[in-house]
Each structure stands twice: as structure tokens, then as C-alpha cells.
Amino acid sequence: MANDSARLGDYVAARRRELGLTRAQVQQAGGPSVSRLATIEENSGPDPSAPTLQKLDAGLQWQPGSAARTLSGGIPRALPDAPTYASNGDGNVSDHTSGQPLIGVSQVSVAVEELAGLLRAVNRLTDSYAAGSDDLGESVRQVQSSTSSLAGRWATEVLERNRISNTEVPAVLELAFGHLLDAPTDGTAEPELTERLYRRWLSGRVAGLTEEQTEAFTQRLHRRANHTG
């Protein structure tokens, strides 16, 4: 089975927060260095080595072999009397007590027409580049539009899940989709306008919404909470 560093990073970050430890405290407890722990949690470095995995077990109060098992798709086991949590099966890590996600999603549903549109845009871009076409700029814009739509769907799910669980969005994720929250609304057509406003509302960055808009967004989040619950 292929290693899943992103999944391991989710478990590591959730476990550290569950224990109420800073990265420095994890290091002091026998874990990896602060910088290495950051790259593991943010999935921004190479796969952890065997010694690093052993340090994760020590610093996070996991049973020996837990970090390696998690990297290979398993679930870590806490030491006796230590807090425990589990994966909820959709790419999130959740607390055993609340069952709520503690970090962002790693998968989102994609409509067939969205995926087909992206593939068409990529194919057009490839053909335009190969032919040296003057239409290259328009092809690039189509790819950007399609990828922005998919990124927007992912950002919305991350914001919804963290809002439902009263969990702050990790800084690395907010940096990843910050441009979606800052996207202009003037001149934006529906339904994209509503989606942009909804994401801003979820993140607490929007003001001046009508009562109808606020109520609609509240009901939408409520339906989402019932669905994920």
C-alpha cells in the first residue's frame, strides 16, 4: 500500500491538539523537531523516516508502531489511559466524543460535468500550445475557471466542517484558499456570487449581508451539519 503522508499529517495535528501540546512540547516529549513536525502536519516534506515515525509515537503518546501504521493506511493506537480518536472515513480526523472533524477535508465530491469541463479545458490548452495558436490565452482562462470552481468547492467544505466543529481553519489551509475568500463580488454572476459570499460568511470575513442572505446561509450550514452528523 502506498504511503499517505497527508493522512498521517491530519492524525498528527489532531492528536497534538487533543493532547493540548505545542510542537515544541511534542519535541520535548521525545518527538521530532519543531520544523520537522510542521512539515509532517502540513504535508510539505518527504515521507517520515523510520526514526522520525518512532519519535512521533513517543511525542504523541502513541503505542510503538502507530505512526508507521497510520502512514500505511491504518489507525494509531494511544497508550493506555491516553486520549483517543478515530478517522470518520472521509479523509477527516474526528474526536471519539464529539465525532466532529478536527481539520480540513482531503476529498470533495465532483460533478461529472465539472470534471468533463476541466478535461475539455486542459485538452484545449494542450492543443493550442502544440499548434502555437493565438487562442492560448483563452484556453488558459478556461483552465483557470475550471480549477477555481473545484478549489472553491473544496474551500467551502473545509470552512463548513471547521465552522460546524468550532475549529479554527489551520493557517496553512487558509493560505491555500485565501485568494478565494478575497475574490471580488462586484460584477460576479450567480451562482458564483452566492458561493463567494457564503465562503466569506463561513470565515467571518463578510459584512453587509441582508437578513435573507444570512438566514439562507445559516440554514445551509444547518443542513450540512445534519448531513455530516
# chains A, B, ... in the order shown; residues from 1 in each chain; ligands from 1
$ residues_around --residues "A:Leu197" --least-positions-apart "4" --cutoff "12 Å" --atoms "only C-alpha atoms" --output "PDB file with all heavy atoms, in the first residue's frame"
ATOM      1  N   GLY A 152     -12.884  26.084  -5.145  1.00  0.00           N
ATOM      2  CA  GLY A 152     -13.936  26.720  -4.362  1.00  0.00           C
ATOM      3  C   GLY A 152     -14.788  25.708  -3.636  1.00  0.00           C
ATOM      4  O   GLY A 152     -15.161  25.905  -2.471  1.00  0.00           O
ATOM      5  N   THR A 156     -15.088  25.526   0.427  1.00  0.00           N
ATOM      6  CA  THR A 156     -16.391  25.593   1.090  1.00  0.00           C
ATOM      7  C   THR A 156     -16.554  24.444   2.073  1.00  0.00           C
ATOM      8  O   THR A 156     -17.007  24.637   3.209  1.00  0.00           O
ATOM      9  CB  THR A 156     -17.522  25.552   0.043  1.00  0.00           C
ATOM     10  OG1 THR A 156     -17.434  26.709  -0.794  1.00  0.00           O
ATOM     11  CG2 THR A 156     -18.887  25.554   0.725  1.00  0.00           C
ATOM     12  N   LEU A 180      -9.501  32.737  -2.656  1.00  0.00           N
ATOM     13  CA  LEU A 180     -10.916  32.504  -2.923  1.00  0.00           C
ATOM     14  C   LEU A 180     -11.792  33.358  -2.014  1.00  0.00           C
ATOM     15  O   LEU A 180     -12.881  33.779  -2.404  1.00  0.00           O
ATOM     16  CB  LEU A 180     -11.246  31.024  -2.725  1.00  0.00           C
ATOM     17  CG  LEU A 180     -10.573  30.060  -3.704  1.00  0.00           C
ATOM     18  CD1 LEU A 180     -10.772  28.624  -3.264  1.00  0.00           C
ATOM     19  CD2 LEU A 180     -11.108  30.266  -5.113  1.00  0.00           C
ATOM     20  N   LEU A 181     -11.318  33.616  -0.801  1.00  0.00           N
ATOM     21  CA  LEU A 181     -12.068  34.457   0.129  1.00  0.00           C
ATOM     22  C   LEU A 181     -11.968  35.924  -0.263  1.00  0.00           C
ATOM     23  O   LEU A 181     -12.853  36.722   0.060  1.00  0.00           O
ATOM     24  CB  LEU A 181     -11.556  34.257   1.555  1.00  0.00           C
ATOM     25  CG  LEU A 181     -11.665  32.838   2.122  1.00  0.00           C
ATOM     26  CD1 LEU A 181     -11.054  32.780   3.510  1.00  0.00           C
ATOM     27  CD2 LEU A 181     -13.105  32.369   2.138  1.00  0.00           C
ATOM     28  N   ASP A 182     -10.885  36.279  -0.941  1.00  0.00           N
ATOM     29  CA  ASP A 182     -10.668  37.675  -1.335  1.00  0.00           C
ATOM     30  C   ASP A 182     -11.163  37.970  -2.744  1.00  0.00           C
ATOM     31  O   ASP A 182     -11.043  39.097  -3.219  1.00  0.00           O
ATOM     32  CB  ASP A 182      -9.168  38.007  -1.247  1.00  0.00           C
ATOM     33  CG  ASP A 182      -8.645  37.910   0.180  1.00  0.00           C
ATOM     34  OD1 ASP A 182      -9.426  38.137   1.112  1.00  0.00           O
ATOM     35  OD2 ASP A 182      -7.452  37.588   0.347  1.00  0.00           O
ATOM     36  N   ALA A 183     -11.708  36.966  -3.422  1.00  0.00           N
ATOM     37  CA  ALA A 183     -12.171  37.168  -4.803  1.00  0.00           C
ATOM     38  C   ALA A 183     -13.260  38.233  -4.843  1.00  0.00           C
ATOM     39  O   ALA A 183     -14.133  38.275  -3.961  1.00  0.00           O
ATOM     40  CB  ALA A 183     -12.701  35.856  -5.378  1.00  0.00           C
ATOM     41  N   PRO A 184     -13.233  39.129  -5.809  1.00  0.00           N
ATOM     42  CA  PRO A 184     -14.223  40.215  -5.878  1.00  0.00           C
ATOM     43  C   PRO A 184     -15.633  39.688  -6.107  1.00  0.00           C
ATOM     44  O   PRO A 184     -15.824  38.620  -6.705  1.00  0.00           O
ATOM     45  CB  PRO A 184     -13.746  41.051  -7.063  1.00  0.00           C
ATOM     46  CG  PRO A 184     -12.962  40.103  -7.912  1.00  0.00           C
ATOM     47  CD  PRO A 184     -12.306  39.167  -6.959  1.00  0.00           C
ATOM     48  N   THR A 185     -16.607  40.419  -5.611  1.00  0.00           N
ATOM     49  CA  THR A 185     -18.006  40.060  -5.814  1.00  0.00           C
ATOM     50  C   THR A 185     -18.698  41.001  -6.802  1.00  0.00           C
ATOM     51  O   THR A 185     -19.709  40.630  -7.394  1.00  0.00           O
ATOM     52  CB  THR A 185     -18.770  40.082  -4.481  1.00  0.00           C
ATOM     53  OG1 THR A 185     -18.612  41.373  -3.869  1.00  0.00           O
ATOM     54  CG2 THR A 185     -18.239  39.015  -3.535  1.00  0.00           C
ATOM     55  N   ASP A 186     -18.157  42.196  -6.977  1.00  0.00           N
ATOM     56  CA  ASP A 186     -18.761  43.143  -7.919  1.00  0.00           C
ATOM     57  C   ASP A 186     -18.706  42.574  -9.331  1.00  0.00           C
ATOM     58  O   ASP A 186     -17.640  42.169  -9.811  1.00  0.00           O
ATOM     59  CB  ASP A 186     -18.032  44.485  -7.884  1.00  0.00           C
ATOM     60  CG  ASP A 186     -18.234  45.222  -6.574  1.00  0.00           C
ATOM     61  OD1 ASP A 186     -19.186  44.860  -5.851  1.00  0.00           O
ATOM     62  OD2 ASP A 186     -17.450  46.131  -6.267  1.00  0.00           O
ATOM     63  N   THR A 188     -19.907  39.831 -10.341  1.00  0.00           N
ATOM     64  CA  THR A 188     -19.898  38.371 -10.370  1.00  0.00           C
ATOM     65  C   THR A 188     -21.321  37.852 -10.524  1.00  0.00           C
ATOM     66  O   THR A 188     -22.221  38.256  -9.785  1.00  0.00           O
ATOM     67  CB  THR A 188     -19.284  37.796  -9.082  1.00  0.00           C
ATOM     68  OG1 THR A 188     -17.958  38.319  -8.924  1.00  0.00           O
ATOM     69  CG2 THR A 188     -19.219  36.279  -9.133  1.00  0.00           C
ATOM     70  N   ALA A 189     -21.533  36.957 -11.459  1.00  0.00           N
ATOM     71  CA  ALA A 189     -22.871  36.430 -11.728  1.00  0.00           C
ATOM     72  C   ALA A 189     -23.202  35.281 -10.785  1.00  0.00           C
ATOM     73  O   ALA A 189     -22.314  34.653 -10.193  1.00  0.00           O
ATOM     74  CB  ALA A 189     -22.957  35.965 -13.182  1.00  0.00           C
ATOM     75  N   GLU A 190     -24.481  35.005 -10.635  1.00  0.00           N
ATOM     76  CA  GLU A 190     -24.930  33.836  -9.890  1.00  0.00           C
ATOM     77  C   GLU A 190     -24.681  32.574 -10.721  1.00  0.00           C
ATOM     78  O   GLU A 190     -24.673  32.632 -11.946  1.00  0.00           O
ATOM     79  CB  GLU A 190     -26.424  33.956  -9.561  1.00  0.00           C
ATOM     80  CG  GLU A 190     -26.769  35.095  -8.628  1.00  0.00           C
ATOM     81  CD  GLU A 190     -26.291  34.853  -7.193  1.00  0.00           C
ATOM     82  OE1 GLU A 190     -25.675  33.803  -6.923  1.00  0.00           O
ATOM     83  OE2 GLU A 190     -26.530  35.728  -6.359  1.00  0.00           O
ATOM     84  N   PRO A 191     -24.439  31.413 -10.091  1.00  0.00           N
ATOM     85  CA  PRO A 191     -24.467  31.191  -8.650  1.00  0.00           C
ATOM     86  C   PRO A 191     -23.132  31.452  -7.954  1.00  0.00           C
ATOM     87  O   PRO A 191     -23.019  31.290  -6.754  1.00  0.00           O
ATOM     88  CB  PRO A 191     -24.822  29.707  -8.557  1.00  0.00           C
ATOM     89  CG  PRO A 191     -24.162  29.112  -9.770  1.00  0.00           C
ATOM     90  CD  PRO A 191     -24.291  30.143 -10.855  1.00  0.00           C
ATOM     91  N   GLU A 192     -22.104  31.875  -8.716  1.00  0.00           N
ATOM     92  CA  GLU A 192     -20.784  32.080  -8.141  1.00  0.00           C
ATOM     93  C   GLU A 192     -20.796  33.185  -7.095  1.00  0.00           C
ATOM     94  O   GLU A 192     -20.088  33.108  -6.087  1.00  0.00           O
ATOM     95  CB  GLU A 192     -19.772  32.403  -9.237  1.00  0.00           C
ATOM     96  CG  GLU A 192     -18.345  32.625  -8.740  1.00  0.00           C
ATOM     97  CD  GLU A 192     -17.746  31.426  -8.019  1.00  0.00           C
ATOM     98  OE1 GLU A 192     -18.192  30.289  -8.268  1.00  0.00           O
ATOM     99  OE2 GLU A 192     -16.831  31.631  -7.202  1.00  0.00           O
ATOM    100  N   LEU A 193     -21.628  34.210  -7.299  1.00  0.00           N
ATOM    101  CA  LEU A 193     -21.701  35.306  -6.326  1.00  0.00           C
ATOM    102  C   LEU A 193     -22.119  34.785  -4.959  1.00  0.00           C
ATOM    103  O   LEU A 193     -21.505  35.115  -3.938  1.00  0.00           O
ATOM    104  CB  LEU A 193     -22.687  36.361  -6.808  1.00  0.00           C
ATOM    105  CG  LEU A 193     -22.977  37.492  -5.809  1.00  0.00           C
ATOM    106  CD1 LEU A 193     -21.707  38.248  -5.459  1.00  0.00           C
ATOM    107  CD2 LEU A 193     -24.029  38.444  -6.375  1.00  0.00           C
ATOM    108  N   TRP A 201     -18.856  34.421   4.554  1.00  0.00           N
ATOM    109  CA  TRP A 201     -19.676  34.348   5.767  1.00  0.00           C
ATOM    110  C   TRP A 201     -19.164  33.252   6.691  1.00  0.00           C
ATOM    111  O   TRP A 201     -19.066  33.450   7.910  1.00  0.00           O
ATOM    112  CB  TRP A 201     -21.130  34.092   5.379  1.00  0.00           C
ATOM    113  CG  TRP A 201     -22.061  33.911   6.538  1.00  0.00           C
ATOM    114  CD1 TRP A 201     -22.593  34.883   7.329  1.00  0.00           C
ATOM    115  CD2 TRP A 201     -22.554  32.658   7.050  1.00  0.00           C
ATOM    116  NE1 TRP A 201     -23.403  34.328   8.294  1.00  0.00           N
ATOM    117  CE2 TRP A 201     -23.395  32.959   8.145  1.00  0.00           C
ATOM    118  CE3 TRP A 201     -22.381  31.334   6.670  1.00  0.00           C
ATOM    119  CZ2 TRP A 201     -24.053  31.981   8.875  1.00  0.00           C
ATOM    120  CZ3 TRP A 201     -23.032  30.350   7.397  1.00  0.00           C
ATOM    121  CH2 TRP A 201     -23.860  30.675   8.483  1.00  0.00           C
ATOM    122  N   LEU A 202     -18.814  32.101   6.141  1.00  0.00           N
ATOM    123  CA  LEU A 202     -18.284  31.000   6.940  1.00  0.00           C
ATOM    124  C   LEU A 202     -17.005  31.393   7.655  1.00  0.00           C
ATOM    125  O   LEU A 202     -16.744  30.961   8.775  1.00  0.00           O
ATOM    126  CB  LEU A 202     -18.027  29.781   6.049  1.00  0.00           C
ATOM    127  CG  LEU A 202     -19.246  29.024   5.529  1.00  0.00           C
ATOM    128  CD1 LEU A 202     -18.819  28.012   4.468  1.00  0.00           C
ATOM    129  CD2 LEU A 202     -19.978  28.329   6.656  1.00  0.00           C
ATOM    130  N   SER A 203     -16.187  32.212   6.991  1.00  0.00           N
ATOM    131  CA  SER A 203     -14.897  32.596   7.566  1.00  0.00           C
ATOM    132  C   SER A 203     -14.980  33.858   8.413  1.00  0.00           C
ATOM    133  O   SER A 203     -13.987  34.278   9.003  1.00  0.00           O
ATOM    134  CB  SER A 203     -13.865  32.813   6.452  1.00  0.00           C
ATOM    135  OG  SER A 203     -14.235  33.921   5.643  1.00  0.00           O
ATOM    136  N   GLY A 204     -16.169  34.474   8.471  1.00  0.00           N
ATOM    137  CA  GLY A 204     -16.336  35.690   9.261  1.00  0.00           C
ATOM    138  C   GLY A 204     -15.766  36.924   8.607  1.00  0.00           C
ATOM    139  O   GLY A 204     -15.512  37.925   9.283  1.00  0.00           O
ATOM    140  N   ARG A 205     -15.595  36.885   7.295  1.00  0.00           N
ATOM    141  CA  ARG A 205     -14.966  38.000   6.588  1.00  0.00           C
ATOM    142  C   ARG A 205     -15.952  38.909   5.859  1.00  0.00           C
ATOM    143  O   ARG A 205     -15.542  39.814   5.162  1.00  0.00           O
ATOM    144  CB  ARG A 205     -13.967  37.476   5.555  1.00  0.00           C
ATOM    145  CG  ARG A 205     -12.751  36.805   6.138  1.00  0.00           C
ATOM    146  CD  ARG A 205     -11.713  36.576   5.048  1.00  0.00           C
ATOM    147  NE  ARG A 205     -10.517  35.914   5.545  1.00  0.00           N
ATOM    148  CZ  ARG A 205      -9.411  35.763   4.827  1.00  0.00           C
ATOM    149  NH1 ARG A 205      -9.375  36.216   3.582  1.00  0.00           N
ATOM    150  NH2 ARG A 205      -8.356  35.156   5.328  1.00  0.00           N
ATOM    151  N   VAL A 206     -17.240  38.650   5.977  1.00  0.00           N
ATOM    152  CA  VAL A 206     -18.194  39.412   5.183  1.00  0.00           C
ATOM    153  C   VAL A 206     -19.076  40.266   6.092  1.00  0.00           C
ATOM    154  O   VAL A 206     -19.389  39.889   7.218  1.00  0.00           O
ATOM    155  CB  VAL A 206     -19.072  38.475   4.319  1.00  0.00           C
ATOM    156  CG1 VAL A 206     -20.016  37.673   5.192  1.00  0.00           C
ATOM    157  CG2 VAL A 206     -19.854  39.262   3.284  1.00  0.00           C
ATOM    158  N   ALA A 207     -19.440  41.426   5.600  1.00  0.00           N
ATOM    159  CA  ALA A 207     -20.351  42.316   6.313  1.00  0.00           C
ATOM    160  C   ALA A 207     -21.356  42.860   5.313  1.00  0.00           C
ATOM    161  O   ALA A 207     -21.119  42.836   4.097  1.00  0.00           O
ATOM    162  CB  ALA A 207     -19.576  43.465   6.969  1.00  0.00           C
ATOM    163  N   GLY A 208     -22.484  43.342   5.822  1.00  0.00           N
ATOM    164  CA  GLY A 208     -23.465  43.953   4.939  1.00  0.00           C
ATOM    165  C   GLY A 208     -24.387  42.979   4.252  1.00  0.00           C
ATOM    166  O   GLY A 208     -25.049  43.352   3.271  1.00  0.00           O
ATOM    167  N   LEU A 209     -24.481  41.747   4.748  1.00  0.00           N
ATOM    168  CA  LEU A 209     -25.430  40.810   4.165  1.00  0.00           C
ATOM    169  C   LEU A 209     -26.850  41.189   4.566  1.00  0.00           C
ATOM    170  O   LEU A 209     -27.076  41.741   5.637  1.00  0.00           O
ATOM    171  CB  LEU A 209     -25.145  39.382   4.645  1.00  0.00           C
ATOM    172  CG  LEU A 209     -23.862  38.706   4.158  1.00  0.00           C
ATOM    173  CD1 LEU A 209     -23.732  37.331   4.806  1.00  0.00           C
ATOM    174  CD2 LEU A 209     -23.839  38.584   2.653  1.00  0.00           C
ATOM    175  N   THR A 210     -27.791  40.879   3.717  1.00  0.00           N
ATOM    176  CA  THR A 210     -29.192  41.098   4.070  1.00  0.00           C
ATOM    177  C   THR A 210     -29.631  40.021   5.058  1.00  0.00           C
ATOM    178  O   THR A 210     -28.975  38.982   5.215  1.00  0.00           O
ATOM    179  CB  THR A 210     -30.085  41.027   2.825  1.00  0.00           C
ATOM    180  OG1 THR A 210     -30.051  39.693   2.295  1.00  0.00           O
ATOM    181  CG2 THR A 210     -29.606  42.016   1.761  1.00  0.00           C
ATOM    182  N   GLN A 213     -30.130  36.784   3.219  1.00  0.00           N
ATOM    183  CA  GLN A 213     -28.896  36.074   2.904  1.00  0.00           C
ATOM    184  C   GLN A 213     -28.334  35.368   4.136  1.00  0.00           C
ATOM    185  O   GLN A 213     -27.930  34.202   4.069  1.00  0.00           O
ATOM    186  CB  GLN A 213     -27.852  37.050   2.348  1.00  0.00           C
ATOM    187  CG  GLN A 213     -28.124  37.517   0.931  1.00  0.00           C
ATOM    188  CD  GLN A 213     -27.146  38.589   0.487  1.00  0.00           C
ATOM    189  OE1 GLN A 213     -26.835  39.521   1.250  1.00  0.00           O
ATOM    190  NE2 GLN A 213     -26.654  38.479  -0.742  1.00  0.00           N
ATOM    191  N   THR A 214     -28.328  36.067   5.260  1.00  0.00           N
ATOM    192  CA  THR A 214     -27.814  35.478   6.495  1.00  0.00           C
ATOM    193  C   THR A 214     -28.634  34.258   6.894  1.00  0.00           C
ATOM    194  O   THR A 214     -28.084  33.219   7.293  1.00  0.00           O
ATOM    195  CB  THR A 214     -27.839  36.508   7.632  1.00  0.00           C
ATOM    196  OG1 THR A 214     -27.028  37.633   7.267  1.00  0.00           O
ATOM    197  CG2 THR A 214     -27.299  35.905   8.920  1.00  0.00           C
ATOM    198  N   ALA A 216     -30.439  32.364   4.892  1.00  0.00           N
ATOM    199  CA  ALA A 216     -30.201  31.297   3.914  1.00  0.00           C
ATOM    200  C   ALA A 216     -28.884  30.586   4.186  1.00  0.00           C
ATOM    201  O   ALA A 216     -28.802  29.351   4.116  1.00  0.00           O
ATOM    202  CB  ALA A 216     -30.208  31.881   2.502  1.00  0.00           C
ATOM    203  N   PHE A 217     -27.844  31.339   4.532  1.00  0.00           N
ATOM    204  CA  PHE A 217     -26.543  30.736   4.813  1.00  0.00           C
ATOM    205  C   PHE A 217     -26.604  29.917   6.098  1.00  0.00           C
ATOM    206  O   PHE A 217     -26.007  28.836   6.195  1.00  0.00           O
ATOM    207  CB  PHE A 217     -25.469  31.816   4.931  1.00  0.00           C
ATOM    208  CG  PHE A 217     -25.150  32.496   3.620  1.00  0.00           C
ATOM    209  CD1 PHE A 217     -24.487  33.722   3.601  1.00  0.00           C
ATOM    210  CD2 PHE A 217     -25.501  31.919   2.415  1.00  0.00           C
ATOM    211  CE1 PHE A 217     -24.185  34.347   2.395  1.00  0.00           C
ATOM    212  CE2 PHE A 217     -25.210  32.530   1.201  1.00  0.00           C
ATOM    213  CZ  PHE A 217     -24.559  33.752   1.202  1.00  0.00           C
TER     214      PHE A 217
END
$ residues_around --residues "stretch 39-41 of chain A" --least-positions-apart "2" --cutoff "7 Å" --atoms "only C-alpha atoms" --output "ChimeraX atom specification"
/A:9-10,12-13,35-37,43-45
$ write_last_selection --atoms "C-alpha atoms" --output "mmCIF file, in the first residue's frame"
data_model
loop_
_atom_site.group_PDB
_atom_site.id
_atom_site.type_symbol
_atom_site.label_atom_id
_atom_site.label_comp_id
_atom_site.auth_asym_id
_atom_site.auth_seq_id
_atom_site.Cartn_x
_atom_site.Cartn_y
_atom_site.Cartn_z
ATOM 1 C CA GLY A 9 -0.293 14.708 8.973
ATOM 2 C CA ASP A 10 -4.004 15.056 9.760
ATOM 3 C CA VAL A 12 -0.592 14.031 13.961
ATOM 4 C CA ALA A 13 -2.068 17.550 14.047
ATOM 5 C CA SER A 35 10.374 22.210 11.992
ATOM 6 C CA ARG A 36 10.048 18.530 11.043
ATOM 7 C CA LEU A 37 6.768 18.225 12.893
ATOM 8 C CA ASN A 43 2.450 17.538 4.290
ATOM 9 C CA SER A 44 5.152 19.757 2.869
ATOM 10 C CA GLY A 45 8.159 17.479 3.116
#
$ atom_distance --atom1 "atom CA of A:Leu118" --atom2 "atom CA of A:Arg199"
22.2 Å
$ atom_distance --atom1 "atom CA of A:Asn162" --atom2 "atom CA of A:Ala78"
24.3 Å
$ residues_around --residues "A:Asp57" --least-positions-apart "2" --cutoff "12 Å" --atoms "only C-alpha atoms" --output "PyMOL selection string"
chain A and resi 8+11-12+15-16+26-27+29-32+50-55+59-70+76-79
$ closest_residue --among "A:Arg124, A:Glu160, A:Ser165, A:Arg200" --to "A:Leu221" --atoms "only C-alpha atoms"
A:Glu160
